Structures are given as structure tokens and as C-alpha cells.
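Source file: my_file_9.tsv (TSV, C-alpha atoms)
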```tsv
chain	number	residue	atom	x	y	z
K	1211	MET	CA	5.43	8.43	-16.11
K	1212	ARG	CA	5.87	8.88	-12.38
K	1213	VAL	CA	5.08	5.92	-10.09
K	1214	GLY	CA	4.76	6.16	-6.33
K	1215	THR	CA	3.80	4.31	-3.19
K	1216	LEU	CA	2.35	5.52	0.11
K	1217	ASN	CA	1.27	3.60	3.18
K	1218	LEU	CA	-1.67	5.78	4.14
K	1219	ALA	CA	-1.88	4.29	7.65
K	1220	SER	CA	-5.62	4.98	7.57
K	1221	GLY	CA	-4.79	8.67	7.18
K	1222	ARG	CA	-3.08	8.90	10.57
K	1223	GLY	CA	-0.54	11.58	11.36
K	1224	ASP	CA	2.08	11.70	14.12
K	1225	ASP	CA	-0.69	12.20	16.70
K	1226	GLY	CA	-2.25	8.86	15.75
K	1227	VAL	CA	-5.51	10.48	14.66
K	1228	SER	CA	-6.92	9.81	11.19
K	1229	ALA	CA	-7.40	12.85	8.99
K	1230	SER	CA	-10.78	14.14	7.91
K	1231	ARG	CA	-11.55	14.11	4.19
K	1232	ASP	CA	-10.59	17.79	3.93
K	1233	ASP	CA	-7.29	17.25	5.77
K	1234	LEU	CA	-6.54	14.16	3.69
K	1235	VAL	CA	-7.07	16.12	0.48
K	1236	ALA	CA	-4.97	19.02	1.78
K	1237	ALA	CA	-2.09	16.71	2.74
K	1238	LEU	CA	-1.91	15.28	-0.79
K	1239	ALA	CA	-2.70	18.44	-2.75
K	1240	GLY	CA	-0.13	19.13	-5.45
K	1241	LEU	CA	1.19	15.56	-5.47
K	1242	ASP	CA	2.39	14.92	-9.04
K	1243	VAL	CA	2.30	11.17	-9.63
K	1244	ASP	CA	0.72	9.24	-12.51
K	1245	VAL	CA	0.29	5.89	-10.75
K	1246	LEU	CA	0.07	5.62	-6.95
K	1247	ALA	CA	-0.05	2.46	-4.85
K	1248	LEU	CA	-1.77	2.91	-1.47
K	1249	GLN	CA	-1.59	0.63	1.54
K	1250	GLU	CA	-3.54	0.48	4.84
K	1251	VAL	CA	-6.54	2.11	3.20
K	1252	ASP	CA	-9.86	2.59	5.02
K	1253	VAL	CA	-13.33	2.59	3.53
K	1254	ASP	CA	-16.31	3.66	5.68
K	1255	GLN	CA	-14.38	3.13	8.93
K	1256	PRO	CA	-15.59	4.98	12.05
K	1257	ARG	CA	-11.97	5.56	13.12
K	1258	SER	CA	-11.29	7.55	9.92
K	1259	HIS	CA	-14.53	9.56	9.80
K	1260	ARG	CA	-16.13	7.04	7.39
K	1261	VAL	CA	-14.13	8.58	4.55
K	1262	HIS	CA	-13.88	6.50	1.38
K	1263	GLN	CA	-10.13	7.03	1.24
K	1264	PRO	CA	-9.43	5.54	-2.23
K	1265	SER	CA	-11.95	7.82	-3.91
K	1266	ALA	CA	-10.80	10.85	-1.91
K	1267	VAL	CA	-7.16	10.32	-2.92
K	1268	ALA	CA	-8.17	9.60	-6.53
K	1269	GLU	CA	-10.04	12.89	-6.62
K	1270	VAL	CA	-7.15	15.02	-5.37
K	1271	LEU	CA	-4.67	13.13	-7.55
K	1272	GLY	CA	-6.80	13.49	-10.67
K	1273	ALA	CA	-6.77	9.71	-11.16
K	1274	THR	CA	-9.16	8.74	-13.94
K	1275	ASP	CA	-9.11	5.05	-12.99
K	1276	TRP	CA	-8.61	3.29	-9.67
K	1277	ARG	CA	-9.38	0.06	-7.84
K	1278	PHE	CA	-9.60	-0.89	-4.18
K	1279	ALA	CA	-9.04	-4.46	-2.95
K	1280	ALA	CA	-10.51	-5.10	0.48
K	1281	THR	CA	-8.60	-7.77	2.39
K	1282	LEU	CA	-10.95	-7.71	5.36
K	1283	ALA	CA	-14.42	-6.54	6.38
K	1284	GLY	CA	-14.57	-4.73	9.70
K	1285	THR	CA	-11.78	-2.89	11.49
K	1286	PRO	CA	-8.26	-4.28	12.05
K	1287	ASP	CA	-7.81	-4.87	15.78
K	1288	PRO	CA	-5.98	-7.22	18.16
K	1289	PHE	CA	-9.17	-9.22	18.75
K	1290	ALA	CA	-9.32	-10.42	15.13
K	1291	SER	CA	-13.00	-9.46	15.15
K	1292	TRP	CA	-12.79	-8.73	11.43
K	1293	THR	CA	-13.64	-11.12	8.59
K	1294	ALA	CA	-10.92	-12.09	6.12
K	1295	LEU	CA	-11.91	-11.66	2.48
K	1296	ASP	CA	-10.79	-13.07	-0.81
K	1297	PRO	CA	-9.83	-9.76	-2.42
K	1298	ALA	CA	-12.04	-8.56	-5.25
K	1299	LEU	CA	-11.58	-5.33	-7.15
K	1300	ASP	CA	-13.94	-2.51	-6.21
K	1301	ASP	CA	-14.41	0.93	-7.75
K	1302	GLY	CA	-16.71	2.42	-5.13
K	1303	ALA	CA	-19.59	-0.03	-4.66
K	1304	LEU	CA	-18.55	-1.49	-1.27
K	1305	VAL	CA	-20.80	-0.71	1.70
K	1306	GLY	CA	-19.69	-0.89	5.32
K	1307	PRO	CA	-16.24	-0.81	6.98
K	1308	HIS	CA	-13.48	-2.36	4.87
K	1309	TYR	CA	-9.69	-2.21	4.81
K	1310	GLY	CA	-7.09	-3.07	2.17
K	1311	VAL	CA	-4.96	-1.69	-0.64
K	1312	ALA	CA	-5.63	0.51	-3.65
K	1313	LEU	CA	-4.01	1.42	-6.96
K	1314	LEU	CA	-4.78	4.72	-8.69
K	1315	SER	CA	-3.89	5.84	-12.21
K	1316	ARG	CA	-4.10	9.04	-14.21
K	1317	LEU	CA	-3.34	6.97	-17.29
K	1318	PRO	CA	-5.77	4.67	-19.13
K	1319	VAL	CA	-5.82	1.15	-17.68
K	1320	ARG	CA	-6.34	-1.64	-20.20
K	1321	ARG	CA	-7.03	-4.39	-17.70
K	1322	TRP	CA	-7.03	-4.92	-13.92
K	1323	HIS	CA	-5.92	-7.97	-11.94
K	1324	VAL	CA	-5.93	-8.91	-8.26
K	1325	LEU	CA	-4.01	-11.53	-6.27
K	1326	GLY	CA	-4.71	-12.71	-2.73
K	1327	LEU	CA	-1.71	-13.38	-0.48
K	1328	THR	CA	-2.02	-15.62	2.58
K	1329	ALA	CA	-1.42	-13.97	5.95
K	1330	GLY	CA	1.63	-14.91	7.96
K	1331	PRO	CA	1.37	-16.93	11.20
K	1332	LEU	CA	3.12	-14.41	13.48
K	1333	LYS	CA	1.69	-11.55	15.55
K	1334	LEU	CA	2.99	-7.99	15.72
K	1335	PRO	CA	3.54	-6.30	19.13
K	1336	LEU	CA	2.18	-2.73	19.09
K	1337	VAL	CA	1.41	-0.17	21.77
K	1338	ALA	CA	-2.04	1.27	21.02
K	1339	PRO	CA	-5.13	2.54	22.87
K	1340	ASP	CA	-7.58	-0.01	24.27
K	1341	PRO	CA	-10.83	0.66	22.37
K	1342	ARG	CA	-12.76	-0.17	25.54
K	1343	THR	CA	-10.91	2.12	27.98
K	1344	GLY	CA	-8.72	4.43	25.91
K	1345	ALA	CA	-5.65	3.42	27.94
K	1346	ARG	CA	-2.51	2.65	25.95
K	1347	ARG	CA	-1.19	-0.89	26.29
K	1348	LEU	CA	0.78	-3.56	24.46
K	1349	TRP	CA	-1.20	-5.56	21.93
K	1350	TRP	CA	-0.31	-8.55	19.79
K	1351	PHE	CA	-1.88	-7.93	16.40
K	1352	PRO	CA	-2.50	-10.94	14.14
K	1353	ASP	CA	-1.35	-10.61	10.56
K	1354	GLU	CA	-4.17	-9.82	8.15
K	1355	PRO	CA	-4.60	-11.19	4.64
K	1356	ARG	CA	-2.65	-9.32	1.97
K	1357	ALA	CA	-3.31	-8.52	-1.68
K	1358	ALA	CA	-1.72	-7.19	-4.85
K	1359	ILE	CA	-3.44	-5.15	-7.56
K	1360	ALA	CA	-2.05	-4.95	-11.11
K	1361	ALA	CA	-2.90	-2.33	-13.73
K	1362	GLU	CA	-1.99	-3.03	-17.34
K	1363	LEU	CA	-1.01	0.29	-18.91
K	1364	ASP	CA	0.37	1.15	-22.34
K	1365	GLY	CA	3.75	-0.59	-22.40
K	1366	VAL	CA	4.06	-1.43	-18.69
K	1367	THR	CA	2.19	-3.18	-15.86
K	1368	VAL	CA	2.25	-1.62	-12.39
K	1369	VAL	CA	1.57	-3.77	-9.33
K	1370	GLY	CA	0.68	-2.28	-5.95
K	1371	THR	CA	0.91	-4.34	-2.77
K	1372	HIS	CA	1.45	-4.43	0.99
K	1373	LEU	CA	3.33	-7.45	2.37
K	1374	SER	CA	3.42	-8.98	5.84
K	1375	PHE	CA	5.21	-7.29	8.75
K	1376	ALA	CA	7.15	-10.54	9.31
K	1377	ALA	CA	10.10	-10.72	6.90
K	1378	PRO	CA	9.87	-14.50	6.22
K	1379	SER	CA	6.18	-14.17	5.35
K	1380	ALA	CA	6.84	-11.05	3.28
K	1381	ALA	CA	9.55	-12.87	1.31
K	1382	ARG	CA	7.20	-15.80	0.68
K	1383	GLN	CA	4.46	-13.45	-0.49
K	1384	LEU	CA	6.87	-11.57	-2.75
K	1385	ARG	CA	7.98	-14.82	-4.40
K	1386	GLN	CA	4.31	-15.68	-4.98
K	1387	LEU	CA	3.70	-12.20	-6.44
K	1388	HIS	CA	6.78	-12.55	-8.66
K	1389	ARG	CA	5.49	-15.82	-10.15
K	1390	TRP	CA	2.09	-14.22	-10.75
K	1391	ALA	CA	3.59	-11.09	-12.30
K	1392	ALA	CA	5.58	-13.21	-14.76
K	1393	ARG	CA	2.27	-13.99	-16.46
K	1394	LEU	CA	1.34	-10.32	-16.86
K	1395	PRO	CA	2.40	-8.14	-19.80
K	1396	GLY	CA	5.87	-6.81	-19.12
K	1397	PRO	CA	7.82	-4.96	-18.13
K	1398	VAL	CA	6.42	-5.07	-14.59
K	1399	VAL	CA	7.01	-2.51	-11.84
K	1400	VAL	CA	6.06	-3.32	-8.23
K	1401	ALA	CA	5.27	-0.43	-5.88
K	1402	GLY	CA	4.39	-0.84	-2.24
K	1403	ASP	CA	5.23	-1.27	1.40
K	1404	LEU	CA	7.12	-4.54	1.08
K	1405	ASN	CA	8.28	-4.71	4.71
K	1406	LEU	CA	11.64	-6.01	3.46
K	1407	GLY	CA	14.55	-3.79	4.36
K	1408	GLY	CA	17.15	-2.50	1.96
K	1409	SER	CA	18.07	-4.81	-0.90
K	1410	LEU	CA	16.09	-7.86	0.29
K	1411	SER	CA	13.25	-7.30	-2.19
K	1412	ALA	CA	15.72	-7.23	-5.07
K	1413	LEU	CA	17.46	-10.35	-3.77
K	1414	VAL	CA	14.16	-12.25	-3.53
K	1415	THR	CA	13.03	-11.35	-7.07
K	1416	GLY	CA	16.24	-10.63	-8.97
K	1417	GLY	CA	14.71	-7.22	-9.69
K	1418	ARG	CA	16.19	-3.75	-9.35
K	1419	ARG	CA	15.26	-1.04	-6.86
K	1420	LEU	CA	14.45	2.20	-8.64
K	1421	VAL	CA	14.61	4.17	-5.38
K	1422	THR	CA	17.10	3.65	-2.57
K	1423	GLY	CA	16.88	5.41	0.76
K	1424	ARG	CA	15.41	5.08	4.24
K	1425	THR	CA	11.63	5.37	4.49
K	1426	TRP	CA	10.53	4.02	7.90
K	1427	PRO	CA	9.61	5.18	10.45
K	1428	ALA	CA	8.48	8.40	8.79
K	1429	PRO	CA	9.64	10.83	11.51
K	1430	ALA	CA	13.22	9.48	11.54
K	1431	PRO	CA	13.74	6.72	8.95
K	1432	LYS	CA	16.15	3.90	9.72
K	1433	VAL	CA	15.30	1.35	7.01
K	1434	GLN	CA	13.71	1.22	3.56
K	1435	PHE	CA	10.37	-0.60	3.51
K	1436	ALA	CA	8.64	1.40	0.75
K	1437	HIS	CA	9.90	0.35	-2.68
K	1438	VAL	CA	9.44	0.80	-6.40
K	1439	LEU	CA	10.94	-2.34	-7.88
K	1440	SER	CA	11.61	-3.12	-11.54
K	1441	LEU	CA	11.20	-6.79	-12.44
K	1442	GLY	CA	12.97	-6.23	-15.75
K	1443	GLY	CA	12.89	-3.75	-18.61
K	1444	ALA	CA	12.00	-0.60	-16.67
K	1445	THR	CA	14.45	2.07	-15.57
K	1446	GLY	CA	14.07	4.87	-13.06
K	1447	SER	CA	15.19	8.47	-12.75
K	1448	ASP	CA	14.55	11.48	-10.50
K	1449	PRO	CA	13.72	9.44	-7.36
K	1450	GLU	CA	12.13	11.19	-4.39
K	1451	ILE	CA	11.44	10.23	-0.78
K	1452	ARG	CA	9.17	12.72	0.96
K	1453	ARG	CA	7.61	12.99	4.38
K	1454	LEU	CA	3.91	13.90	4.34
K	1455	PRO	CA	1.69	15.06	7.22
K	1456	LEU	CA	0.19	11.57	7.30
K	1457	GLY	CA	1.12	7.99	6.48
K	1458	ASP	CA	4.10	5.80	7.35
K	1459	PRO	CA	6.54	4.88	5.69
K	1460	ARG	CA	7.35	8.03	3.75
K	1461	LEU	CA	6.05	8.63	0.25
K	1462	VAL	CA	8.33	7.23	-2.48
K	1463	THR	CA	8.10	8.28	-6.15
K	1464	VAL	CA	10.26	7.82	-9.23
K	1465	ARG	CA	10.04	8.55	-12.95
K	1466	VAL	CA	9.78	5.22	-14.80
K	1467	ALA	CA	10.72	4.61	-18.44
K	1468	THR	CA	10.50	1.48	-20.59
K	1469	ALA	CA	11.42	0.67	-24.16
K	1470	GLY	CA	7.79	1.15	-25.16
K	1471	ARG	CA	7.04	4.19	-23.01
K	1472	PRO	CA	9.31	7.17	-22.37
K	1473	ALA	CA	9.62	8.72	-18.93
```
Since I need it in another form, could you write the structure as C-alpha cells?
Amino acid sequence: MRVGTLNLASGRGDDGVSASRDDLVAALAGLDVDVLALQEVDVDQPRSHRVHQPSAVAEVLGATDWRFAATLAGTPDPFASWTALDPALDDGALVGPHYGVALLSRLPVRRWHVLGLTAGPLKLPLVAPDPRTGARRLWWFPDEPRAAIAAELDGVTVVGTHLSFAAPSAARQLRQLHRWAARLPGPVVVAGDLNLGGSLSALVTGGRRLVTGRTWPAPAPKVQFAHVLSLGGATGSDPEIRRLPLGDPRLVTVRVATAGRPA
């Protein structure tokens, strides 16, 4: 089966504008991946045309099963006007603006799990438009809560996640995720924007990267933040890193095989 990860960045392209539902579907048309982890996913957000992005991507992907885990209600902004949530799995029932991560599967899912990950204490400097004036300025964005979603498949468990932008917090969260994943049916594969460059994710977990290559920033990558990581028992072949018209880091996919499931 082919496993991938994409930070959707709320559907934004290089111009910083979120795609309409039609443009989102067009950007992902023809994507051949059996399980896809999505990060920075919007649901019913005014900034992204109130598109329910998990269901739109599931539709174009042909995913028969998917879950969204909202980490906050409201819209991420430097004012922290949003409300942090204990992530709960949703398959389309949420109403109102939400933001979080999603995991989509073309394959039957036996059981779903979700894990909340505490936000880091640091703030991220970003240049972005002032929602009140439209003028671009430097903002200090607080870290938002994070989450991981696990899908138990036939012979393998796939975990999708998005870790903190601060490496120390991301490493702490990944250690927490690793302990949690040890209780899930193995082998376990983690796919996501881990915000840990190069081999750091493998060093933290003792796992093995199934894809190696630069992924961020998407226009001219300098470091690998998007990973598909084997925590034991899974091997990878035919890796691909691809730039799409939207999202950042770049899309990462790889064919995964285990002793109980061929590639």
C-alpha cells in the first residue's frame, strides 16, 4: 500500500490564498495514495471558503474511511482568540470553524484512535496580513495544541500527526506519540509534518525513515520536515517527494510493505 503525508496549509498556494473546493480537488486529482495524513486542515473556515477540507480530499482520493481531529475551534491567529480542544474523532458532524489534522484511507479501517499532544510554550515569528487592516507585519503566533490519529488496518497501523514548530517541543511530542504507538497493533508507520529536520525523528524514536529528501519550504526545499517513519517491521520502496500547487511542505509518499501485508 502507498502511504503519504501532506501539510495542506489550509489549501494555500504560493500566493497565500486558500483554494476553492474545485481548485482543491483539481490540485489533488490523480493522486494515487492508499492512506494519506493531512495537516493544517480547515473545516468551515471563512478564510478557506468554508470548505470541509477533509471530506473534499477524501472524495477526490476515493477514501472510503477518514477521520478529522480538531485541535481548536475558531481560526488560528496571533491573538489566540481560538479555543483549544481535546481532540475527538469526527467524520463530518462538526459545525462551525475548526482546525486540525486528518487521516484518510482507501483501505478498511478496523479501529480508530486519537491522542492529544500538549502545545509547546514558544511562539513562532511569521510575516502575515493584519486581519484588521490587510497590511503585512510580523506576528508572534502561539503554538496550538497538536494531535495524532491512528488507523488500524489489516497488518499495519498508520499514525498521522503534526508536531510543534519548536524542535524541543516536537521531540517531546514525538516521544509521547512513540510510547502511545507501542500499545497499538504493530507494525506502526508514522506519517506527518514532524517539524524535525533530517534524521532527528529517527534518532528520537529509534525508527527508520522510509523517505529521505528535502521537503520544506515547498518552492525551494532546504530541510526535510515531512516524514514517513517506520517504528519497526515496515519497509519502504518507490519513495516520492512532489510539489503540488498548494500545501507546504511538499507531498511525500512511499510504498509500504510488512510481513503481513505486501506492498
Show me as a list in words the residues that reach within 9 Å of (5.2, 9.2, 1.9), counting only C-alpha atoms and using the file's own coordinates.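 Using only C-alpha atoms, the matching residues come out as Gly1214, Thr1215, Leu1216, Asn1217, Leu1218, Thr1425, Ala1428, Ala1436, Ile1451, Arg1452, Arg1453, Leu1454, Pro1455, Leu1456, Gly1457, Asp1458, Pro1459, Arg1460, Leu1461, Val1462 and Thr1463 of chain K.
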Skipping near chain neighbours, those fewer than 6 positions away, what residues fall within 8 Å of K:Gly1446 using all atoms listed in the file, listed as a ChimeraX atom specification? /K:1420-1421,1464-1467
Work out how far apart atom CA of K:Ala1401 and atom CA of K:Trp1292 are and give it in Å to one decimal. 26.4 Å
Neighbour residues at most 10 Å from (-9.9, 0.9, 5.5) (only C-alpha atoms) as a PyMOL selection string: chain K and resi 1218-1221+1249-1258+1260-1264+1278+1280-1286+1306-1311
Between K:Ala1303, K:Ala1239, K:Ala1290, K:Leu1404, which residue has the minimum interatomic distance to K:Gly1272, considering only C-alpha atoms?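 Of K:Ala1303, K:Ala1239, K:Ala1290, K:Leu1404, the one nearest K:Gly1272 is K:Ala1239, counting only C-alpha atoms.
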Starting from 4 Å padding per side, set up an axis-aligned box that covers all listed atoms of stretch 1368-1383 of chain K and hand over centre and edge lengths in Å, one decimal, as JSON.
```
{"center_x": 5.4, "center_y": -8.7, "center_z": -1.5, "size_x": 17.4, "size_y": 22.2, "size_z": 29.7}
```
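In terms of minimum interatomic distance to K:Trp1322, K:Thr1367 ranks closest within K:Thr1415, K:Thr1367, K:Thr1343, K:Ser1291, counting only C-alpha atoms.
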Long-range neighbours of K:Ala1266 as a list in words, 8 Å cut-off, all atoms listed in the file, 5 positions minimum in chain: Arg1231, Leu1234, Val1235 and Val1261 of chain K
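Proximity of K:Ala1294, K:Ala1376, K:Val1369, K:Leu1394 to K:Glu1354, computed with all atoms listed in the file, is greatest for K:Ala1294.
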